[in-house]
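What's in work_34.csv: CSV, C-alpha atoms
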```
chain,number,residue,atom,x,y,z
A,1,MET,CA,35.1,-13.3,14.0
A,2,ALA,CA,35.0,-13.6,17.8
A,3,LYS,CA,31.5,-13.3,19.4
A,4,SER,CA,30.7,-11.9,22.8
A,5,LYS,CA,28.4,-13.6,25.3
A,6,PHE,CA,25.8,-10.9,24.5
A,7,GLU,CA,25.4,-12.1,20.9
A,8,TYR,CA,22.3,-14.0,21.8
A,9,VAL,CA,20.1,-10.9,21.9
A,10,ARG,CA,20.0,-10.9,18.1
A,11,LEU,CA,17.7,-13.9,18.4
A,12,PHE,CA,15.0,-11.4,19.6
A,13,GLU,CA,15.0,-9.8,16.1
A,14,SER,CA,12.0,-10.9,14.0
A,15,ASP,CA,12.4,-12.1,10.5
A,16,ASP,CA,10.3,-9.6,8.4
A,17,ARG,CA,11.4,-10.6,4.9
A,18,CYS,CA,8.6,-10.0,2.4
A,19,LEU,CA,7.0,-12.9,0.6
A,20,SER,CA,8.7,-13.7,-2.6
A,21,ASN,CA,7.1,-12.9,-6.0
A,22,THR,CA,4.9,-10.2,-4.7
A,23,TRP,CA,4.7,-6.5,-5.4
A,24,ILE,CA,6.2,-4.5,-2.6
A,25,VAL,CA,4.7,-1.0,-2.0
A,26,VAL,CA,6.2,1.4,0.5
A,27,ARG,CA,3.8,4.3,1.1
A,28,ILE,CA,4.9,7.4,3.0
A,29,ASP,CA,2.5,9.9,4.5
A,30,GLY,CA,3.0,13.2,6.1
A,31,LYS,CA,2.3,13.3,9.8
A,32,GLY,CA,0.3,16.3,11.0
A,33,PHE,CA,0.5,18.0,7.6
A,34,HIS,CA,-2.7,19.9,8.0
A,35,ARG,CA,-1.0,21.9,10.7
A,36,PHE,CA,2.3,21.9,8.8
A,37,SER,CA,0.8,23.3,5.6
A,38,THR,CA,-1.1,26.0,7.6
A,39,GLU,CA,1.9,27.1,9.6
A,40,HIS,CA,4.1,27.2,6.5
A,41,GLY,CA,1.7,29.2,4.5
A,42,TYR,CA,0.7,26.7,1.8
A,43,GLU,CA,-1.6,28.1,-0.8
A,44,LYS,CA,-5.1,26.7,-0.8
A,45,PRO,CA,-6.6,24.5,-2.1
A,46,ASN,CA,-3.3,23.3,-3.6
A,47,ASP,CA,0.2,24.6,-3.4
A,48,VAL,CA,2.1,23.6,-6.5
A,49,ARG,CA,5.4,24.4,-4.8
A,50,ALA,CA,4.7,21.9,-2.1
A,51,LEU,CA,3.5,19.2,-4.5
A,52,SER,CA,6.6,19.8,-6.7
A,53,LEU,CA,8.8,19.5,-3.6
A,54,MET,CA,7.2,16.1,-2.8
A,55,THR,CA,7.9,14.9,-6.3
A,56,LYS,CA,11.5,16.1,-6.1
A,57,ALA,CA,11.9,14.1,-2.9
A,58,ALA,CA,10.2,11.1,-4.5
A,59,THR,CA,12.6,11.3,-7.5
A,60,SER,CA,15.6,11.2,-5.2
A,61,VAL,CA,14.2,8.0,-3.7
A,62,MET,CA,13.8,6.5,-7.2
A,63,GLU,CA,17.3,7.5,-8.2
A,64,GLU,CA,18.7,5.7,-5.2
A,65,PHE,CA,16.5,2.6,-5.4
A,66,LYS,CA,16.7,1.3,-9.0
A,67,ASP,CA,14.2,-1.5,-8.3
A,68,ILE,CA,11.4,1.0,-7.8
A,69,CYS,CA,9.6,0.9,-11.2
A,70,LEU,CA,6.9,3.4,-10.5
A,71,ALA,CA,5.8,5.9,-7.9
A,72,TYR,CA,2.5,7.7,-7.4
A,73,GLY,CA,2.0,10.8,-5.3
A,74,GLN,CA,-0.8,13.1,-4.3
A,75,SER,CA,-1.3,15.6,-1.4
A,76,ASP,CA,1.2,14.6,1.4
A,77,GLU,CA,1.7,11.0,0.3
A,78,TYR,CA,3.8,9.0,-2.1
A,79,SER,CA,3.7,5.3,-3.0
A,80,PHE,CA,6.8,3.5,-4.3
A,81,VAL,CA,6.3,0.2,-6.2
A,82,PHE,CA,9.2,-2.2,-6.1
A,83,ARG,CA,9.5,-4.9,-8.8
A,84,LYS,CA,8.2,-8.2,-7.8
A,85,GLU,CA,11.6,-9.9,-8.1
A,86,THR,CA,13.5,-7.2,-6.1
A,87,GLN,CA,16.1,-8.4,-3.6
A,88,ALA,CA,16.8,-5.0,-2.2
A,89,TYR,CA,17.8,-5.4,1.5
A,90,SER,CA,16.9,-9.1,1.1
A,91,ARG,CA,13.2,-7.9,0.9
A,92,ARG,CA,13.3,-7.0,4.6
A,93,SER,CA,10.2,-4.9,5.3
A,94,ALA,CA,11.5,-2.7,8.0
A,95,LYS,CA,14.7,-2.0,6.0
A,96,LEU,CA,12.7,-1.0,2.9
A,97,SER,CA,10.2,1.3,4.7
A,98,THR,CA,12.7,3.0,6.9
A,99,ASN,CA,15.3,3.7,4.2
A,100,VAL,CA,12.6,5.0,1.8
A,101,CYS,CA,11.0,7.1,4.4
A,102,SER,CA,14.2,8.6,5.8
A,103,LEU,CA,15.6,9.4,2.3
A,104,PHE,CA,12.3,11.0,1.3
A,105,THR,CA,12.2,13.1,4.5
A,106,SER,CA,15.8,14.2,4.3
A,107,SER,CA,15.3,15.1,0.6
A,108,PHE,CA,12.2,17.1,1.4
A,109,VAL,CA,14.2,19.2,3.8
A,110,TYR,CA,17.3,19.3,1.6
A,111,TYR,CA,15.4,20.7,-1.4
A,112,TRP,CA,13.0,22.9,0.5
A,113,ASN,CA,14.7,26.2,-0.5
A,114,GLU,CA,14.5,25.4,-4.2
A,115,TYR,CA,10.7,25.6,-3.9
A,116,PHE,CA,10.3,28.0,-0.9
A,117,PRO,CA,13.3,30.3,-1.4
A,118,THR,CA,12.3,32.9,1.1
A,119,SER,CA,11.6,30.7,4.1
A,120,ARG,CA,12.9,27.7,6.0
A,121,PRO,CA,11.0,25.0,7.8
A,122,LEU,CA,9.8,26.2,11.2
A,123,TYR,CA,10.2,22.7,12.6
A,124,PRO,CA,11.2,19.2,11.2
A,125,PRO,CA,8.6,17.6,8.9
A,126,VAL,CA,7.7,14.0,9.8
A,127,PHE,CA,6.6,11.3,7.4
A,128,ASP,CA,5.6,7.7,8.4
A,129,GLY,CA,6.1,4.7,6.2
A,130,ARG,CA,4.6,1.3,5.8
A,131,THR,CA,5.2,-1.7,3.6
A,132,VAL,CA,2.3,-3.6,1.9
A,133,LEU,CA,2.5,-6.6,-0.3
A,134,TYR,CA,0.3,-7.3,-3.4
A,135,PRO,CA,0.4,-10.7,-5.0
A,136,SER,CA,-1.1,-10.1,-8.4
A,137,ASN,CA,-0.8,-7.6,-11.3
A,138,GLN,CA,-4.5,-6.8,-10.8
A,139,ASN,CA,-3.9,-6.2,-7.1
A,140,ILE,CA,-1.2,-3.6,-7.7
A,141,ARG,CA,-3.3,-1.9,-10.4
A,142,ASP,CA,-6.3,-1.8,-8.0
A,143,TYR,CA,-4.1,-0.3,-5.3
A,144,LEU,CA,-2.9,2.5,-7.5
A,145,SER,CA,-6.4,3.0,-8.8
A,146,TRP,CA,-7.5,3.4,-5.2
A,147,ARG,CA,-5.0,6.1,-4.5
A,148,GLN,CA,-5.8,8.0,-7.7
A,149,ALA,CA,-9.6,7.8,-6.9
A,150,ASP,CA,-8.8,9.1,-3.5
A,151,CYS,CA,-6.9,12.0,-5.1
A,152,HIS,CA,-9.9,12.9,-7.2
A,153,ILE,CA,-12.4,12.7,-4.3
A,154,ASN,CA,-10.2,14.8,-2.0
A,155,ASN,CA,-9.2,17.4,-4.6
A,156,LEU,CA,-12.7,17.9,-5.8
A,157,TYR,CA,-13.9,18.5,-2.2
A,158,ASN,CA,-10.9,20.8,-1.3
A,159,THR,CA,-11.4,22.8,-4.6
A,160,THR,CA,-15.0,23.4,-3.8
A,161,PHE,CA,-14.4,23.9,-0.1
A,162,TRP,CA,-11.8,26.6,-0.6
A,163,ALA,CA,-13.8,28.3,-3.4
A,164,LEU,CA,-16.7,28.7,-1.0
A,165,ILE,CA,-14.3,30.3,1.5
A,166,LEU,CA,-12.0,32.4,-0.7
A,167,LYS,CA,-14.5,33.4,-3.4
A,168,GLY,CA,-17.8,32.9,-1.7
A,169,GLY,CA,-17.0,34.5,1.6
A,170,LEU,CA,-18.1,31.5,3.8
A,171,THR,CA,-16.4,30.5,7.0
A,172,PRO,CA,-14.8,27.1,7.1
A,173,SER,CA,-17.7,25.7,9.2
A,174,GLU,CA,-20.3,27.2,6.8
A,175,ALA,CA,-18.5,25.7,3.8
A,176,GLU,CA,-18.2,22.3,5.5
A,177,GLN,CA,-21.9,22.4,6.3
A,178,LYS,CA,-22.8,23.4,2.8
A,179,LEU,CA,-20.9,20.4,1.4
A,180,LYS,CA,-22.2,17.9,3.9
A,181,GLY,CA,-23.8,15.0,2.0
A,182,THR,CA,-23.0,16.3,-1.5
A,183,LEU,CA,-22.0,14.1,-4.3
A,184,SER,CA,-19.3,14.8,-7.0
A,185,GLY,CA,-22.0,16.1,-9.4
A,186,ASP,CA,-23.2,18.6,-6.7
A,187,LYS,CA,-19.7,19.9,-6.1
A,188,ASN,CA,-19.1,20.3,-9.9
A,189,GLU,CA,-22.4,22.3,-10.1
A,190,ILE,CA,-21.4,24.6,-7.2
A,191,LEU,CA,-18.0,25.3,-8.8
A,192,PHE,CA,-19.5,26.0,-12.2
A,193,SER,CA,-22.7,27.8,-11.3
A,194,GLN,CA,-21.3,30.0,-8.5
A,195,PHE,CA,-17.6,30.4,-9.5
A,196,ALA,CA,-17.5,29.6,-13.3
A,197,ILE,CA,-15.0,26.9,-12.6
A,198,ASN,CA,-15.0,23.9,-14.8
A,199,TYR,CA,-13.3,21.2,-12.7
A,200,ASN,CA,-12.3,19.2,-15.7
A,201,ASN,CA,-10.1,22.2,-16.8
A,202,GLU,CA,-8.2,22.2,-13.5
A,203,PRO,CA,-4.5,21.1,-13.9
A,204,ALA,CA,-4.1,17.4,-14.3
A,205,MET,CA,-1.5,17.3,-11.6
A,206,LEU,CA,-4.1,18.4,-9.1
A,207,ARG,CA,-6.9,16.2,-10.4
A,208,LYS,CA,-4.9,13.0,-11.1
A,209,GLY,CA,-1.8,13.2,-9.0
A,210,THR,CA,1.8,12.6,-10.2
A,211,VAL,CA,3.2,9.5,-11.7
A,212,LEU,CA,6.9,8.8,-11.8
A,213,VAL,CA,7.7,5.9,-14.1
A,214,ARG,CA,11.0,4.4,-15.0
A,215,ARG,CA,11.1,4.1,-18.8
A,216,ARG,CA,13.7,3.7,-21.6
A,217,VAL,CA,13.8,6.8,-23.7
A,218,PRO,CA,16.0,7.9,-26.6
A,219,VAL,CA,18.8,10.3,-25.6
A,220,ALA,CA,21.3,12.1,-27.9
A,221,ILE,CA,24.9,10.9,-28.1
A,222,PRO,CA,28.0,12.9,-29.2
A,223,ASP,CA,28.1,11.5,-32.7
A,224,GLY,CA,24.7,12.9,-33.4
A,225,GLY,CA,22.7,9.7,-33.0
A,226,THR,CA,20.5,8.4,-30.1
A,227,ARG,CA,20.5,5.5,-27.8
A,228,GLU,CA,17.9,4.3,-25.3
A,229,LYS,CA,18.5,5.1,-21.6
A,230,SER,CA,16.5,4.3,-18.6
A,231,GLN,CA,15.1,7.6,-17.1
A,232,ILE,CA,12.5,8.6,-14.6
A,233,VAL,CA,9.6,10.2,-16.5
A,234,GLN,CA,7.1,12.5,-14.7
A,235,GLU,CA,3.5,12.6,-16.0
A,236,TYR,CA,-0.1,13.1,-14.8
A,237,SER,CA,-1.7,10.1,-16.3
A,238,ASP,CA,-4.9,8.2,-15.7
A,239,ILE,CA,-3.7,5.0,-14.1
A,240,ILE,CA,-7.1,3.6,-13.5
A,241,GLY,CA,-7.9,2.8,-17.2
A,242,ASP,CA,-5.9,0.5,-19.5
A,243,GLU,CA,-4.2,3.0,-21.7
A,244,PHE,CA,-1.4,3.8,-19.3
A,245,TRP,CA,-0.7,0.1,-18.7
A,246,ASN,CA,-0.8,-0.7,-22.4
A,247,GLU,CA,1.8,2.0,-23.1
A,248,ASN,CA,3.9,0.9,-20.2
A,249,ASN,CA,3.5,-2.9,-20.4
A,250,HIS,CA,7.1,-3.4,-19.2
A,251,LEU,CA,5.9,-2.5,-15.7
A,252,LEU,CA,3.9,-5.7,-15.2
A,253,THR,CA,6.4,-8.0,-16.9
A,254,LEU,CA,9.1,-9.7,-15.0
A,255,SER,CA,12.6,-8.8,-16.3
```

Could you show the structure in this file as structure tokens?
Amino acid sequence: MAKSKFEYVRLFESDDRCLSNTWIVVRIDGKGFHRFSTEHGYEKPNDVRALSLMTKAATSVMEEFKDICLAYGQSDEYSFVFRKETQAYSRRSAKLSTNVCSLFTSSFVYYWNEYFPTSRPLYPPVFDGRTVLYPSNQNIRDYLSWRQADCHINNLYNTTFWALILKGGLTPSEAEQKLKGTLSGDKNEILFSQFAINYNNEPAMLRKGTVLVRRRVPVAIPDGGTREKSQIVQEYSDIIGDEFWNENNHLLTLS
């Protein structure tokens, strides 16, 4: 193929291929979603419709990228874990993050009316994406544990904060001041003693976030039998402890 004299400008492109034999995580985060959720009437402290829409968009990403073995989402973020041996886009960091982020964002808009049938986005939502590498199985477990611990901390705070406002009659500034310096036990006590809310009985999706895992499951076939097929399974599991990883030991094993 003939080349023009301008071909040399490609030399300015940096080589951003991810290190081999490392877990690749692409995490997307909503930009300005505090304002977005307010202006689009999200229910407080959690809007199940919005969380379900996030998971629908994440599922679309996993359906497109078969090398994503697990995804974890909470609030306005989702983390996508690529297998250590993936060669998707030759492991180029920018290609991975931009493709995941753009597909997630377009899916979020595309499926909006399935979850908010009486409205449309007032303006385009924005998500940013980043690529991070984790060299060991313990590292990737610790990363996911960090995100789930963050889910618990934030949701407990938000549940208590909005209970003080919606049920306790406080202003946002008063609720913020009341919660200043409190520990998790204090927040649990406020919820139970003032509002008869046992935080442990709140839906697991809100307390733990959503896990999407690629797993082989039995499916029915026309002759009446079953065969195993790889499917994306949605659950609200504890991914900090060992039980989830023991039940899904294929995740940490190279294929």

Distance of atom CA of Leu53 of chain A from atom CA of Gln231 of chain A, expressed in Å to one decimal place: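 That distance, rounded to one decimal, is 19.1 Å.
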
Between A:Pro135, A:Gly209, A:Pro45, A:Gly168, which is the closest to Asp238 of chain A once you count all atoms listed in the file? A:Gly209

Excluding same-chain residues fewer than 4 positions from Gly30 of chain A, what lies within 10 Å of it counting all atoms listed in the file, as a PyMOL selection string? chain A and resi 34+36+75-78+105+125-129

Do you know which residues are at most 6 Å from segment 173-179 of chain A counting all atoms listed in the file, after dropping those on the same chain fewer than 3 positions away, and could you put them as a CSV table (one decimal) with C-alpha atoms, keeping the file's coordinate frame?
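Saved as around04.csv:
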```csv
chain,number,residue,atom,x,y,z
A,161,PHE,CA,-14.4,23.9,-0.1
A,164,LEU,CA,-16.7,28.7,-1.0
A,170,LEU,CA,-18.1,31.5,3.8
A,182,THR,CA,-23.0,16.3,-1.5
```

Pick the closest to Trp146 of chain A from A:Arg49, A:Ser79, A:Lys66, A:Ile24: which is it, counting all atoms listed in the file?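 Ranked by minimum distance to Trp146 of chain A, first place goes to A:Ser79.
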
For a quick check of understanding, using all atoms listed in the file, which of A:Cys151, A:Glu39, A:Ile165, A:Ser193 has the smallest distance to Arg120 of chain A?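 Result for the nearest residue to Arg120 of chain A: A:Glu39.
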
So the first atom is atom CA of Leu133 of chain A and the second is atom CA of Thr210 of chain A; what is the distance between them in Å, to one decimal place? 21.6 Å

What is the atom CA of Ile68 of chain A-atom CA of Arg214 of chain A distance in Å, reported with one decimal? 8.0 Å

So, counting only C-alpha atoms, which residue among A:Leu103, A:Leu183, A:Met205, A:Val61 is closest to Asp47 of chain A? A:Met205

With distances taken over all atoms listed in the file, which residue among A:Ala94, A:Leu251, A:Leu144, A:Ile28 lies nearest Glu13 of chain A?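 Among the listed residues, A:Ala94 lies closest to Glu13 of chain A.
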
Select, from A:Val81, A:Ala88, A:Ala50, A:Leu252, the residue with the minimum atom-to-atom distance to Phe116 of chain A, counting all atoms listed in the file. A:Ala50

Ala204 of chain A surroundings by all atoms listed in the file, 10 Å radius, close-in-sequence under 2 positions cut, as a list in words: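 Here the qualifying residues turn out to be Asn200, Asn201, Glu202, Leu206, Arg207, Lys208, Gly209, Thr210, Glu235, Tyr236, Ser237 and Asp238 of chain A.
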
Output C-alpha atoms for every residue in the selection just made, as a compact mmCIF listing (two decimals), in the frame of the given file.
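Saved file result.txt follows:
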```txt
# COMPACT_ATOMS: atom_id res chain seq x y z
CA ASN A 200 -12.30 19.20 -15.70
CA ASN A 201 -10.10 22.20 -16.80
CA GLU A 202 -8.20 22.20 -13.50
CA LEU A 206 -4.10 18.40 -9.10
CA ARG A 207 -6.90 16.20 -10.40
CA LYS A 208 -4.90 13.00 -11.10
CA GLY A 209 -1.80 13.20 -9.00
CA THR A 210 1.80 12.60 -10.20
CA GLU A 235 3.50 12.60 -16.00
CA TYR A 236 -0.10 13.10 -14.80
CA SER A 237 -1.70 10.10 -16.30
CA ASP A 238 -4.90 8.20 -15.70
```

Can you sort out segment 10-34 of chain A so it carries N, CA, C and O atoms, written as a PDB file, in the coordinates of the input?
```
ATOM      1  N   ARG A  10      20.472 -11.031  19.503  1.00  0.00           N
ATOM      2  CA  ARG A  10      20.000 -10.900  18.100  1.00  0.00           C
ATOM      3  C   ARG A  10      18.880 -11.882  17.822  1.00  0.00           C
ATOM      4  O   ARG A  10      18.119 -11.670  16.863  1.00  0.00           O
ATOM      5  N   LEU A  11      18.740 -12.910  18.637  1.00  0.00           N
ATOM      6  CA  LEU A  11      17.700 -13.900  18.400  1.00  0.00           C
ATOM      7  C   LEU A  11      16.288 -13.252  18.658  1.00  0.00           C
ATOM      8  O   LEU A  11      15.268 -13.805  18.241  1.00  0.00           O
ATOM      9  N   PHE A  12      16.248 -12.110  19.313  1.00  0.00           N
ATOM     10  CA  PHE A  12      15.000 -11.400  19.600  1.00  0.00           C
ATOM     11  C   PHE A  12      14.490 -10.657  18.337  1.00  0.00           C
ATOM     12  O   PHE A  12      13.347 -10.213  18.303  1.00  0.00           O
ATOM     13  N   GLU A  13      15.376 -10.457  17.352  1.00  0.00           N
ATOM     14  CA  GLU A  13      15.000  -9.800  16.100  1.00  0.00           C
ATOM     15  C   GLU A  13      14.077 -10.662  15.296  1.00  0.00           C
ATOM     16  O   GLU A  13      14.370 -11.846  15.104  1.00  0.00           O
ATOM     17  N   SER A  14      12.969 -10.120  14.835  1.00  0.00           N
ATOM     18  CA  SER A  14      12.000 -10.900  14.000  1.00  0.00           C
ATOM     19  C   SER A  14      12.437 -10.912  12.569  1.00  0.00           C
ATOM     20  O   SER A  14      13.028  -9.947  12.066  1.00  0.00           O
ATOM     21  N   ASP A  15      12.125 -11.996  11.884  1.00  0.00           N
ATOM     22  CA  ASP A  15      12.400 -12.100  10.500  1.00  0.00           C
ATOM     23  C   ASP A  15      11.209 -11.478   9.716  1.00  0.00           C
ATOM     24  O   ASP A  15      10.091 -12.004   9.738  1.00  0.00           O
ATOM     25  N   ASP A  16      11.450 -10.323   9.081  1.00  0.00           N
ATOM     26  CA  ASP A  16      10.300  -9.600   8.400  1.00  0.00           C
ATOM     27  C   ASP A  16      10.529  -9.546   6.915  1.00  0.00           C
ATOM     28  O   ASP A  16      10.093  -8.597   6.266  1.00  0.00           O
ATOM     29  N   ARG A  17      11.163 -10.580   6.360  1.00  0.00           N
ATOM     30  CA  ARG A  17      11.400 -10.600   4.900  1.00  0.00           C
ATOM     31  C   ARG A  17      10.010 -10.751   4.205  1.00  0.00           C
ATOM     32  O   ARG A  17       9.174 -11.572   4.590  1.00  0.00           O
ATOM     33  N   CYS A  18       9.825  -9.940   3.156  1.00  0.00           N
ATOM     34  CA  CYS A  18       8.600 -10.000   2.400  1.00  0.00           C
ATOM     35  C   CYS A  18       8.462 -11.227   1.574  1.00  0.00           C
ATOM     36  O   CYS A  18       9.464 -11.743   1.075  1.00  0.00           O
ATOM     37  N   LEU A  19       7.255 -11.692   1.410  1.00  0.00           N
ATOM     38  CA  LEU A  19       7.000 -12.900   0.600  1.00  0.00           C
ATOM     39  C   LEU A  19       7.541 -12.737  -0.781  1.00  0.00           C
ATOM     40  O   LEU A  19       7.411 -11.682  -1.406  1.00  0.00           O
ATOM     41  N   SER A  20       8.134 -13.789  -1.293  1.00  0.00           N
ATOM     42  CA  SER A  20       8.700 -13.700  -2.600  1.00  0.00           C
ATOM     43  C   SER A  20       7.606 -13.565  -3.697  1.00  0.00           C
ATOM     44  O   SER A  20       6.447 -13.926  -3.487  1.00  0.00           O
ATOM     45  N   ASN A  21       8.021 -13.036  -4.851  1.00  0.00           N
ATOM     46  CA  ASN A  21       7.100 -12.900  -6.000  1.00  0.00           C
ATOM     47  C   ASN A  21       5.876 -12.125  -5.729  1.00  0.00           C
ATOM     48  O   ASN A  21       4.791 -12.442  -6.218  1.00  0.00           O
ATOM     49  N   THR A  22       6.013 -11.082  -4.912  1.00  0.00           N
ATOM     50  CA  THR A  22       4.900 -10.200  -4.700  1.00  0.00           C
ATOM     51  C   THR A  22       5.372  -8.741  -4.898  1.00  0.00           C
ATOM     52  O   THR A  22       6.552  -8.425  -4.718  1.00  0.00           O
ATOM     53  N   TRP A  23       4.446  -7.913  -5.306  1.00  0.00           N
ATOM     54  CA  TRP A  23       4.700  -6.500  -5.400  1.00  0.00           C
ATOM     55  C   TRP A  23       4.913  -5.895  -4.046  1.00  0.00           C
ATOM     56  O   TRP A  23       4.080  -6.123  -3.163  1.00  0.00           O
ATOM     57  N   ILE A  24       5.969  -5.149  -3.858  1.00  0.00           N
ATOM     58  CA  ILE A  24       6.200  -4.500  -2.600  1.00  0.00           C
ATOM     59  C   ILE A  24       5.927  -2.981  -2.770  1.00  0.00           C
ATOM     60  O   ILE A  24       6.513  -2.343  -3.639  1.00  0.00           O
ATOM     61  N   VAL A  25       5.016  -2.467  -1.969  1.00  0.00           N
ATOM     62  CA  VAL A  25       4.700  -1.000  -2.000  1.00  0.00           C
ATOM     63  C   VAL A  25       5.113  -0.425  -0.660  1.00  0.00           C
ATOM     64  O   VAL A  25       4.717  -0.911   0.407  1.00  0.00           O
ATOM     65  N   VAL A  26       5.926   0.609  -0.725  1.00  0.00           N
ATOM     66  CA  VAL A  26       6.200   1.400   0.500  1.00  0.00           C
ATOM     67  C   VAL A  26       5.506   2.743   0.277  1.00  0.00           C
ATOM     68  O   VAL A  26       5.769   3.474  -0.680  1.00  0.00           O
ATOM     69  N   ARG A  27       4.569   3.025   1.181  1.00  0.00           N
ATOM     70  CA  ARG A  27       3.800   4.300   1.100  1.00  0.00           C
ATOM     71  C   ARG A  27       4.253   5.179   2.266  1.00  0.00           C
ATOM     72  O   ARG A  27       4.272   4.752   3.409  1.00  0.00           O
ATOM     73  N   ILE A  28       4.593   6.419   1.930  1.00  0.00           N
ATOM     74  CA  ILE A  28       4.900   7.400   3.000  1.00  0.00           C
ATOM     75  C   ILE A  28       3.794   8.414   3.044  1.00  0.00           C
ATOM     76  O   ILE A  28       3.171   8.761   2.033  1.00  0.00           O
ATOM     77  N   ASP A  29       3.518   8.860   4.268  1.00  0.00           N
ATOM     78  CA  ASP A  29       2.500   9.900   4.500  1.00  0.00           C
ATOM     79  C   ASP A  29       2.992  10.917   5.454  1.00  0.00           C
ATOM     80  O   ASP A  29       3.688  10.603   6.430  1.00  0.00           O
ATOM     81  N   GLY A  30       2.616  12.165   5.191  1.00  0.00           N
ATOM     82  CA  GLY A  30       3.000  13.200   6.100  1.00  0.00           C
ATOM     83  C   GLY A  30       2.241  13.132   7.406  1.00  0.00           C
ATOM     84  O   GLY A  30       1.051  12.830   7.428  1.00  0.00           O
ATOM     85  N   LYS A  31       2.931  13.341   8.503  1.00  0.00           N
ATOM     86  CA  LYS A  31       2.300  13.300   9.800  1.00  0.00           C
ATOM     87  C   LYS A  31       1.985  14.744  10.262  1.00  0.00           C
ATOM     88  O   LYS A  31       2.858  15.602  10.295  1.00  0.00           O
ATOM     89  N   GLY A  32       0.710  14.989  10.554  1.00  0.00           N
ATOM     90  CA  GLY A  32       0.300  16.300  11.000  1.00  0.00           C
ATOM     91  C   GLY A  32       0.474  17.383   9.929  1.00  0.00           C
ATOM     92  O   GLY A  32       0.785  18.535  10.246  1.00  0.00           O
ATOM     93  N   PHE A  33       0.259  17.015   8.648  1.00  0.00           N
ATOM     94  CA  PHE A  33       0.500  18.000   7.600  1.00  0.00           C
ATOM     95  C   PHE A  33      -0.580  19.009   7.408  1.00  0.00           C
ATOM     96  O   PHE A  33      -0.376  20.005   6.715  1.00  0.00           O
ATOM     97  N   HIS A  34      -1.728  18.796   8.019  1.00  0.00           N
ATOM     98  CA  HIS A  34      -2.700  19.900   8.000  1.00  0.00           C
ATOM     99  C   HIS A  34      -2.172  21.080   8.752  1.00  0.00           C
ATOM    100  O   HIS A  34      -2.218  22.212   8.263  1.00  0.00           O
TER     101      HIS A  34
END
```
